[in-house]
Amino acid sequence: MTGIIEIQNLRTYFNTDNGVVKAVDDLSLTIMPGHTLGVVGESGSGKSVTSLTIMKLLAATAEINTGSVMFLGQDIVHMSEKQMRKLRGSEISMIFQEPMSSLNPVHKVGHQVMEAILEHQDVTKDEARARTIELFVEVGIPDPAERIHYYPHQMSGGQKQRVMIAMALSCNPKLLIADEPTTALDVTVQKQILDLIRELRDKRQMAVLFITHDLGVIAEIADDVMVMYRGKVVEQGNVLDIYENPMHPYTHGLIGSVPSRNKRGVPLAQIPGMTPSLLNLPTGCAFGSRCPKVGDACSVIPEVSAPEPGRELRCHYPILGDAA
C-alpha cells in the first residue's frame with residue numbers, strides 16, 4: 001500500500017540578498033490513508049515551509065532545489081499552476097493557525113464555504129448551501145442553518161476554526177494539512193478541535209500532516225512524529241516510541257520541556273542557547289552548539305541512520321536506553 005503523499009530528499013531554498021537560506025534541507029516522509037504525521041520543532045525549523053512546498057504556495061524567492069513530492073502518484077514539483085489550482089482545496093486542503101486572518105471579515109462564513117464548494121464541484125448554489133449546512137453539522141457548529149449567515153466577528157475562536165475545518169473538508173480532500181490549528185485557542189477548545197480532526201480523519205480515511213511546536217498536542221493527535229531542526233529532520237518514528245525513548249538530544253530536550261502532572265514542583269528542562277541563523281549555520285551539526293552530547297564527530301553533518309525498525313535518526317551521539 002502506497003502513501004497518499006510521499007516526499008523524497010526535498011530541498012526548498014530561498015535566495016536572499018544575504019545568501020541562500022536552506023529552509024528545508026533533505027526531507028523525506030510518507031503518510032498513509034487514515035494516519036497523522038505530526039511535525040514538530042521550534043520556530044524556523046522548516047515546518048511551515050514544508051507545508052507551503054506541498055501546496056506550491058512559496059514566495060517568488062523560493063525554489064525547490066531537489067527532491068520529489070508525490071501525491072497519489074503525481075509529482076507536484078513539476079505541476080503547472082493551473083494543475084495545482086485544481087488540487088488545492090479539493091484533493092489537498094489546509095487549515096491555518098489563525099482563523100480570523102484566514103476568513104474574510106466582510107463575507108458571511110456560509111458564503112465563504114459555499115464559494116469553495118462551487119469552485120471545485122459542479123453543483124448549484126442551493127446544493128452548495130445544503131452541503132455547507134451538512135458540513136457545519138459534521139464539525140459541530142450549533143444551529144448551522146442560522147450560523148451560515150453569521151459574519152466571522154459574530155463567532156467565537158473555536159467556532160471560526162470549525163468553519164475553517166468545514167471549508168477544508170468541503171471537497172473531501174485526500175490530504176489535510178493543519179498548520180498550528182489550535183495555537184490561538186484555549187485548552188478546552190483545543191481538545192475539542194483535536195478530537196474533531198481525529199474523528200474526521202478516521203471517518204474519511206484522510207492523510208493528515210499536523211504541524212505544531214507543541215509536543216503535547218502531537219501526543220494527542222499523531223500516529224508518527226517527525227522532529228525538525230533548522231531545516232533538517234533529526235528524528236522520525238512512531239509517536240509512542242519517540243516519547244518513550246527519544247534518541248536525539250534535541251527531541252529529548254523538547255520532551256523534557258513539556259509540562260505534566262508527574263513534573264509538579266520540578267523545574268522544566270531547558271534547551272540552552274539560541275537557534276543559529278539559517279544564513280550562518282555552524283559547520284557540521286546545526287544543534288551542536290546547544291547539545292549536551294556534542295563531540296568531535298559533530299563537526300561533520302550526520303547522515304540518516306535507522307537505529308531500530310521504523311525509526312530514523314540524524315545524530316552522531318544518540319541517547320540510548322536508560323540514558324534517556
# chains A, B, ... in the order shown; residues from 1 in each chain; ligands from 1
>>> select_by_dssp(residues="segment 73-111 of chain A", states="alpha helix (DSSP H)", output="list in words")
Glu81, Lys82, Gln83, Met84, Arg85, Lys86, Leu87, Pro99, Met100, Ser101, Ser102, Val109, Gly110 and His111 of chain A
>>> residues_around(residues="Leu254 of chain A", least_positions_apart="4", cutoff="9 Å", atoms="only C-alpha atoms", output="list of chain:residue names")
A:Gly41, A:Asp214, A:Leu215, A:Pro249, A:Tyr250, A:Val258, A:Ala269, A:Gln270, A:Ile271
>>> residues_around(residues="Thr132 of chain A", least_positions_apart="5", cutoff="7 Å", atoms="only C-alpha atoms", output="PyMOL selection string")
chain A and resi 110+113-114
>>> write_last_selection(atoms="all heavy atoms", output="compact mmCIF listing (two decimals), in the first residue's frame")
# COMPACT_ATOMS: atom_id res chain seq x y z
N GLY A 110 -20.88 31.18 5.84
CA GLY A 110 -21.51 30.21 4.95
C GLY A 110 -21.18 30.48 3.50
O GLY A 110 -20.92 29.56 2.71
N VAL A 113 -17.65 29.20 2.68
CA VAL A 113 -17.58 27.74 2.49
C VAL A 113 -18.24 27.36 1.16
O VAL A 113 -17.72 26.53 0.41
CB VAL A 113 -18.23 27.00 3.66
CG1 VAL A 113 -18.21 25.49 3.42
CG2 VAL A 113 -17.53 27.33 4.98
N MET A 114 -19.38 27.98 0.87
CA MET A 114 -20.06 27.71 -0.40
C MET A 114 -19.17 28.04 -1.59
O MET A 114 -19.17 27.33 -2.60
CB MET A 114 -21.35 28.53 -0.48
CG MET A 114 -22.49 28.04 0.39
SD MET A 114 -23.90 29.17 0.37
CE MET A 114 -24.29 29.20 -1.39
>>> atom_distance(atom1="atom CA of Val69 of chain A", atom2="atom CA of Ile4 of chain A")
10.6 Å
>>> residues_around(residues="Thr124 of chain A", least_positions_apart="6", cutoff="12 Å", atoms="only C-alpha atoms", output="ChimeraX atom specification")
/A:114-115,117-118,130-131
>>> write_last_selection(atoms="C-alpha atoms", output="PDB file, in the first residue's frame")
ATOM      1  CA  MET A 114     -20.064  27.713  -0.402  1.00  0.00           C
ATOM      2  CA  GLU A 115     -17.531  29.546  -2.556  1.00  0.00           C
ATOM      3  CA  ILE A 117     -17.612  24.127  -2.966  1.00  0.00           C
ATOM      4  CA  LEU A 118     -18.746  25.993  -6.088  1.00  0.00           C
ATOM      5  CA  ALA A 130     -27.208  22.409   1.689  1.00  0.00           C
ATOM      6  CA  ARG A 131     -23.709  20.911   1.635  1.00  0.00           C
TER       7      ARG A 131
END
>>> residues_around(residues="Val189 of chain A", least_positions_apart="6", cutoff="9 Å", atoms="only C-alpha atoms", output="list in words")
Gly157, Gly158 and Thr182 of chain A
>>> write_last_selection(atoms="C-alpha atoms", output="PDB file, in the first residue's frame")
ATOM      1  CA  GLY A 157     -12.439  31.456  18.090  1.00  0.00           C
ATOM      2  CA  GLY A 158     -13.373  27.782  18.339  1.00  0.00           C
ATOM      3  CA  THR A 182      -5.017  25.105  17.831  1.00  0.00           C
TER       4      THR A 182
END
>>> residues_around(residues="Ser305 of chain A", least_positions_apart="4", cutoff="9 Å", atoms="only C-alpha atoms", output="PyMOL selection string")
chain A and resi 311-315
>>> select_by_dssp(residues="segment 57-110 of chain A", states="strand (DSSP E or B)", output="list of chain:residue names")
A:Ala62, A:Glu63, A:Ile64, A:Asn65, A:Thr66, A:Gly67, A:Ser68, A:Val69, A:Met70, A:Phe71, A:Gln74, A:Asp75, A:Arg88, A:Ile92, A:Ser93, A:Met94, A:Ile95
>>> residues_around(residues="segment 276-284 of chain A", least_positions_apart="4", cutoff="12 Å", atoms="only C-alpha atoms", output="ChimeraX atom specification")
/A:13-25,42-46,229-232,288-290,294-303,314-316
>>> closest_atom_pairs(of="segment 202-321 of chain A", to="segment 164-179 of chain A", cutoff="9 Å", atoms="only C-alpha atoms", output="JSON lines")
{"residue": "A:Arg204", "atom": "CA", "partner": "A:Asn172", "partner_atom": "CA", "distance": 7.8}
{"residue": "A:Gln205", "atom": "CA", "partner": "A:Lys174", "partner_atom": "CA", "distance": 7.8}
{"residue": "A:Met206", "atom": "CA", "partner": "A:Lys174", "partner_atom": "CA", "distance": 5.0}
{"residue": "A:Ala207", "atom": "CA", "partner": "A:Leu175", "partner_atom": "CA", "distance": 4.8}
{"residue": "A:Val208", "atom": "CA", "partner": "A:Leu176", "partner_atom": "CA", "distance": 4.8}
{"residue": "A:Leu209", "atom": "CA", "partner": "A:Ile177", "partner_atom": "CA", "distance": 4.8}
{"residue": "A:Phe210", "atom": "CA", "partner": "A:Ala178", "partner_atom": "CA", "distance": 4.8}
{"residue": "A:Ile211", "atom": "CA", "partner": "A:Asp179", "partner_atom": "CA", "distance": 4.8}
{"residue": "A:Thr212", "atom": "CA", "partner": "A:Asp179", "partner_atom": "CA", "distance": 6.7}
>>> write_last_selection(atoms="N, CA and C atoms", output="compact mmCIF listing (two decimals), in the first residue's frame")
# COMPACT_ATOMS: atom_id res chain seq x y z
N ARG A 204 -13.11 9.62 7.21
CA ARG A 204 -12.87 9.85 5.79
C ARG A 204 -11.60 9.18 5.27
N GLN A 205 -10.81 8.59 6.18
CA GLN A 205 -9.54 7.95 5.82
C GLN A 205 -8.60 8.91 5.09
N MET A 206 -8.55 10.14 5.60
CA MET A 206 -7.62 11.13 5.06
C MET A 206 -6.22 10.88 5.61
N ALA A 207 -5.24 11.40 4.91
CA ALA A 207 -3.90 11.55 5.46
C ALA A 207 -3.82 12.95 6.05
N VAL A 208 -3.23 13.08 7.23
CA VAL A 208 -3.15 14.39 7.90
C VAL A 208 -1.69 14.71 8.20
N LEU A 209 -1.27 15.90 7.80
CA LEU A 209 0.03 16.45 8.18
C LEU A 209 -0.24 17.54 9.20
N PHE A 210 0.12 17.28 10.45
CA PHE A 210 -0.22 18.19 11.55
C PHE A 210 1.05 18.87 12.05
N ILE A 211 1.11 20.18 11.88
CA ILE A 211 2.31 20.95 12.21
C ILE A 211 2.09 21.72 13.50
N THR A 212 3.04 21.63 14.42
CA THR A 212 2.93 22.34 15.68
C THR A 212 4.31 22.46 16.32
